Each structure stands twice: as structure tokens, then as C-alpha cells.
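Below: one structure, written as C-alpha cells.
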Amino acid sequence: MAMRAAEWHRLPVSLTELCINTTLRCGQSFRWRKSTDDEWSCTLHGRILSFRQDTTHLHYRAIFPPQATLPTPPPSVAPSPAHSTSLDADDTLALIKHYFNLTPNLADLYKQWSASDPNFQKLAPNFAGVRILRQDAWEALIGFICSSNNNISRISGMVHNLCLHYGAFIGHLGSEPYHDFPTPQALAKDGVEAHLSKLGFGYRAKYIAKTAKMVEEKGIVWLEGLCNPESPGFGVDAKVGAAGDMLEDGREGYKRAHEELLALHGVGPKVADCVCLMGLGWSESVPVDTHVWKIAQRDYKFGKGKHKSLTAATYTAVANHFRKLWGKEAGWAHSVLFTADLKTFAGQLAAKIEVKSEEITVKIEEGKVVTVKKEEKEEITLKTEARIAEVVEEKKTTAKKATKKSVKRKANDAQVVVVKEEVVTRRSKRART
DNA sequence: ACTATGCCTTCTTA
DNA sequence: ATAAGAAGGCATA
């Protein structure tokens with residue numbers, strides 16, 4: 001029962017191309033756990049993968065289960081009994097490159113999106129390295145069914161519970177047990193719905209049980225067959241083909257995948273788009289959730305006239321707008337803006353500062369600069385300490401000028417004082433058992 | 001075809 | 001303190 005040695009390897013990757021600290025917790029996957037000292041871990045394809053990242057490299061290691069608990073592969077593709085370490089290392093590297101979707105040049109894409117969209121250009125510099133993962137389609141499907149009307153920390157807890165109760169045990173990392181994501185068969189068994197309800201899944205218990213049965217019925221091949229042929233799943237035996245021409249509402253294959261997914265229980269347009277983008281390799285997919293809808297209203301002039309509320313027609317209009325603006329990888333760009341809007345990231349770097357004068361109050365909380373000038377109020381959302389410092393200086397200057405003008409005193413008399421300065425760090429709570 | 005409403009549960013905000 | 005609202009929506013009428 002000896003555990004295979006878990007040696008660290010490294011891969012040259014810049015933070016511009018991939019930032020795991022952002023990418024692994026921006027709501028794409030709900031399964032990554034951060035242990036002590038910045039090590040991110042998750043089970044993937046029957047092994048525990050762990051990552052650390054510095055400015056030049058991605059460091060990784062894989063821990064395999066003891067041979068006895070390895071899932072038995074079909075005899076035709078069974079590896080040689082030797083099952084050498086070097087073979088595993090090769091496999092793991094390929095898996096990592098696949099999972100992190102490392103082929104597209106993200107810096108080039110950011111430049112492209114910045115050139116075509118001033119709003120992206122403004123927000124993106126603080127959120128480099130947000131890359132769309134190539135997750136397993138089935139896992140993405142279940143994960144995003146859990147996401148409806150829900151928040152990231154609770155979703156993570158639910159997915160963790162799915163693995164714990166229905167996924168194969170892989171091994172321990174420290175004292176923490178790691179289980180694989182459950183198969184459709186495991187979630188299609190009788191009693192799953194009742195059990196999940198007891199575990200606090202709410203109305204999603206029924207969706208998961210039903211969808212698992214439907215996928216089992218249709219066959220996992222059906223689901224994997226919805227994949228972008230240019231980007232098949234890892235280890236999936238599929239022909240690589242052309243994905244077709246880009247249209248304003250996406251390629252034919254994307255539209256077909258989206259439509260077919262809608263047949264599943266608990267899968268509406270938004271969840272289907274998440275699965276298309278993150279589980280099936282359709283980069284033009286733009287999931288329009290409440291966040292994206294707010295962004296569309298705030299920064300892209302939606303929410304008026306024909307598109308007053310988020311109806312089915314509005315949903316398509318918003319997604320098409322972003323596809324036209326950002327192109328074939330619209331879903332990737334969308335993810336950057338989505339991440340920029342997440343509270344967990346806003347709070348992380350936000351300083352809490354109050355600047356007061358007789359006329360003007362500047363408050364900075366949770367990444368927002370609020371200037372209160374008598375009855376007027378102005379809000380600016382900021383993400384980095386550097387930008388916050390800049391804006392505070394700017395506001396102090398404004399405050400001095402305003403005070404001088406209205407009260408007719410010397411600029412120095414303006415009482416611009418930093419009352420409170422404190423870094424607020426918000427941490428999402430961990431999963432419960 | 002569109003539009004409202006209930007739904008499980010937890011956490012935040014007023 | 002206690003209530004209402006929001007949280008990566010969906011299914012149903």
C-alpha cells in the first residue's frame with residue numbers, strides 16, 4: 001500500500017498567462033482547496049493534483065492512490081503492469097496542460113479585447129491571468145446545477161459533499177481525505193435525492209438525481225459528444241475536427257450543445273452556457289447571470305427600452321453583444337469582467353479609508369470610493385491598492401479645491417484627513433461537512 | 001411567446 | 001434583534 005512518491009515538478013508559466021489564485025476561485029470550479037502555504041489541491045483523473053505558483057513557474061505534484069484502489073481500466077487499454085513513474089509524470093503534465101488550457105496566448109487575447117472595448121481595457125489590468133479551465137463536462141454540469149440561486153461558498157460545500165459521499169476515495173493530503181468527483185452512475189442510484197436533501201441541497205437535490213439518471217440513460221458519450229471537436233476532453237477518444245464558422249450567436253456546434261443541454265433537469269440557459277464554456281470547450285459561450293446582467297446594465301447600456309429586464313430575448317441580446325465586441329473567445333473575456341466584479345476579489349485589496357473635509361467626505365470601503373459632497377454622491381469601484389491610493393490623492397485635491405472655492409479659505413485649511421486606514425480582507429467560509 | 005411566482009438554504013444588510 | 005433580501009436560476013402555471 002505504499003503511496004507513490006509525490007515529487008514536485010515545475011512548468012514555466014507567467015502570471016499573465018495563468019494566475020491560479022484567481023482562476024481557481026473565480027467560480028469556474030468549486031472543488032479546489034487551498035491548504036496551508038498556498039498549495040492548491042484537487043482530485044483530477046484519479047489522482048490528487050497540487051499546485052503552487054511563483055512569478056515564473058507553476059509547481060505541481062501528483063499523488064496517486066494505492067494500486068489496489070485504482071479503478072480497473074478496460075483490458076484493451078490497460079497499461080503495462082510496470083506502470084512506470086515516468087509514464088505517470090508524462091500523463092500528469094499532459095493533464096495539467098489540458099486542464100489549464102494553456103495553448104491560447106492570454107496576453108494577446110487581453111490586448112485584443114482591450115483594443116475593442118474601453119471598459120475591458122480599464123478593468124483588465126488588475127485581473128491578469130484569468131483563464132478558462134477545461135473541466136470535465138459531467139463535473140461542470142453538476143457543479144453548475146448546484147450554482148442556481150446560490151453563492152460560491154455554499155456551492156463549494158455542496159460539491160465537496162457530493163465527492164465525499166459518492167466519489168471514489170483517492171487518498172489523503174495531510175489529514176484531509178480527497179475523493180474523486182462522482183460518476184453519473186453513482187448519482188443515479190436510488191435514494192440519492194433524499195440523501196442530498198438531507199445534506200442541504202434544497203430543490204437542487206431533485207435536479208441532480210434526475211439529471212444523473214438522464215445522463216446515464218443517454219450515455220456519457222452523448223455529453224462528451226457535445227464537446228467542441230477542436231477541444232475534446234482529456235482522455236476522451238474522439239476525432240479532432242473543425243468547429244465550424246463563427247456566427248453572431250455562436251458556432252453551430254455550440255448552439256446544438258446549448259440546446260441539447262436544456263433538456264436536462266435543472267439546466268436553463270445560464271447553466272447550459274457555463275457547461276458549454278467550461279466543460280465543452282465552446283469559447284464563444286457567454287453565461288449571463290445576475291452579475292453579468294448588472295455589468296451589462298452598468299457598463300454596456302442595457303436595461304433600457306427593449307431590454308429592460310433579463311428575459312430570454314434579453315439574455316441572447318446581451319450574449320450576442322459581447323460576442324460581437326470580443327469575438328470568438330467572448331466567454332474568456334466575460335470571465336475576466338465577471339471576476340473583476342466578484343466581491344471576494346474586490347474586498348481582498350480594498351483599503352478602508354475615510355477622508356474628511358468640511359465639504360467633502362471620501363470613504364473607501366470594499367473597493368469602492370464614495371465621495372459625498374453635500375447631497376451629491378459618487379462611487380468608483382477600485383481593485384488595487386495602487387489605484388486606491390491614486391484616487392484618494394485625487395479626491396483630497398478635489399476636496400481642497402472645493403473647500404477653498406465654497407468657503408473661500410486657503411487650500412491648506414481644508415481638513416482632509418485620513419481618519420481610518422485598514423486593509424479589509426474578506427474570506428469566504430469553508431465548506432461544512 | 002412572454003411574465004410572474006415558488007423554491008431550499010445561508011449569509012448579508014437594513 | 002429580527003426581518004427582508006441576495007446569492008452564477010430554473011420549472012411551472
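Every chain in the C-alpha cells has a letter given in the order shown (A, B, ...), and although residue numbers restart at 1 in each chain, ligands are simply numbered from 1 in the order shown.
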
Env of Lys198 in chain A: 12 Å cut, atoms = only C-alpha atoms (C1' of nucleotides), seq-sep filter 5 positions within chain, self excluded. Answer as a list in words. Met158, Asn161, Gly191, Val192, Glu193, Tyr203, Arg204, Ala205 and Lys206 of chain A; DC8 and DT9 of chain B

Selection: 12 Å around DG6 in chain B, only C-alpha atoms (C1' of nucleotides), excl. self and same-chain fewer than 6 positions, as a PyMOL selection string: (chain A and resi 203) or (chain C and resi 10-13)

Just N, CA, C and O atoms (P, O5', C5', C4', C3', O3' and C1' of nucleotides) for this one: save the residues we selected as a PDB file, in the first residue's frame.
ATOM      1  N   TYR A 203     -33.866  22.384  -3.347  1.00  0.00           N
ATOM      2  CA  TYR A 203     -34.548  21.869  -4.538  1.00  0.00           C
ATOM      3  C   TYR A 203     -33.584  21.324  -5.593  1.00  0.00           C
ATOM      4  O   TYR A 203     -34.008  20.690  -6.552  1.00  0.00           O
TER       5      TYR A 203
ATOM      6  P    DC C  10     -30.603  28.727 -15.313  1.00  0.00           P
ATOM      7  O5'  DC C  10     -31.849  27.910 -14.770  1.00  0.00           O
ATOM      8  C5'  DC C  10     -31.607  26.807 -13.896  1.00  0.00           C
ATOM      9  C4'  DC C  10     -32.913  26.146 -13.530  1.00  0.00           C
ATOM     10  C3'  DC C  10     -33.817  25.837 -14.721  1.00  0.00           C
ATOM     11  O3'  DC C  10     -34.195  24.481 -14.659  1.00  0.00           O
ATOM     12  C1'  DC C  10     -34.983  27.092 -13.071  1.00  0.00           C
ATOM     13  P    DA C  11     -35.128  23.845 -15.796  1.00  0.00           P
ATOM     14  O5'  DA C  11     -36.536  23.815 -15.060  1.00  0.00           O
ATOM     15  C5'  DA C  11     -36.633  23.146 -13.813  1.00  0.00           C
ATOM     16  C4'  DA C  11     -38.059  23.189 -13.303  1.00  0.00           C
ATOM     17  C3'  DA C  11     -39.115  22.769 -14.322  1.00  0.00           C
ATOM     18  O3'  DA C  11     -40.077  21.987 -13.629  1.00  0.00           O
ATOM     19  C1'  DA C  11     -39.536  24.984 -13.621  1.00  0.00           C
ATOM     20  P    DT C  12     -41.256  21.230 -14.379  1.00  0.00           P
ATOM     21  O5'  DT C  12     -42.523  22.151 -14.090  1.00  0.00           O
ATOM     22  C5'  DT C  12     -42.826  22.514 -12.756  1.00  0.00           C
ATOM     23  C4'  DT C  12     -43.847  23.637 -12.762  1.00  0.00           C
ATOM     24  C3'  DT C  12     -44.971  23.442 -13.791  1.00  0.00           C
ATOM     25  O3'  DT C  12     -46.173  23.149 -13.090  1.00  0.00           O
ATOM     26  C1'  DT C  12     -44.166  25.700 -13.707  1.00  0.00           C
ATOM     27  P    DA C  13     -47.573  22.876 -13.895  1.00  0.00           P
ATOM     28  O5'  DA C  13     -48.290  24.296 -13.779  1.00  0.00           O
ATOM     29  C5'  DA C  13     -48.368  24.956 -12.506  1.00  0.00           C
ATOM     30  C4'  DA C  13     -48.956  26.337 -12.689  1.00  0.00           C
ATOM     31  C3'  DA C  13     -50.221  26.369 -13.542  1.00  0.00           C
ATOM     32  O3'  DA C  13     -51.162  27.270 -12.965  1.00  0.00           O
ATOM     33  C1'  DA C  13     -48.591  27.778 -14.493  1.00  0.00           C
TER      34       DA C  13
END

With 7 Å as the cut-off and only C-alpha atoms (C1' of nucleotides) counted, what is the closest atom pair between each nearby residue of chain C and chain A? Distances in Å to one decimal, ordered by chain and number, as JSON lines.
{"residue": "C:DA7", "atom": "C1'", "partner": "A:Asn150", "partner_atom": "CA", "distance": 4.5}
{"residue": "C:DG8", "atom": "C1'", "partner": "A:Asp289", "partner_atom": "CA", "distance": 5.5}
{"residue": "C:DG9", "atom": "C1'", "partner": "A:Ser148", "partner_atom": "CA", "distance": 4.7}
{"residue": "C:DC10", "atom": "C1'", "partner": "A:Gly266", "partner_atom": "CA", "distance": 5.9}

Near chain B, 7 Å: chain A residue rows, closest pairs, only C-alpha atoms (C1' of nucleotides), as JSON lines:
{"residue": "A:Gly200", "atom": "CA", "partner": "B:DT9", "partner_atom": "C1'", "distance": 6.9}
{"residue": "A:Phe201", "atom": "CA", "partner": "B:DC8", "partner_atom": "C1'", "distance": 6.7}
{"residue": "A:Gly202", "atom": "CA", "partner": "B:DC8", "partner_atom": "C1'", "distance": 3.5}
{"residue": "A:Tyr203", "atom": "CA", "partner": "B:DC8", "partner_atom": "C1'", "distance": 5.4}

Can you list every residue in range 57-196 of chain A that DSSP puts in strand (DSSP E), as an NGL selection string? :A and (57-63 or 169-173 or 176-179)

Just the number, please: distance in Å from CA of His179 in chain A to CA of Cys163 in chain A, one decimal. 5.5 Å

Based on DSSP run over this structure's backbone, return all residues of range 102-159 of chain A in alpha helix (DSSP H), as a ChimeraX atom specification. /A:106-116,118-123,137-146,152-159

Interatomic distance (Å, one decimal) between CA of Glu17 in chain A and CA of Gly233 in chain A: 21.3 Å

How far is it from CA of Ala107 in chain A to CA of Leu18 in chain A, in Å with one decimal?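 Those two atoms sit 9.7 Å apart.
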
Need the shell around Arg251 in chain A: protein/DNA/RNA residues with any atom at most 12 Å away, counting only C-alpha atoms (C1' of nucleotides). Skip same-chain ones fewer than 4 positions apart. Format as a list in words?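 Answer for this query is Asn228, Pro229, Ala242, Ala243, Gly244, Asp245, Met246, Leu247, Lys255, Arg256, Ala257, His258, Cys276, Gly281, Trp282, Ser283, Glu284, Ser285, Asn320, Arg323, Gly327, Lys328 and Glu329 of chain A.
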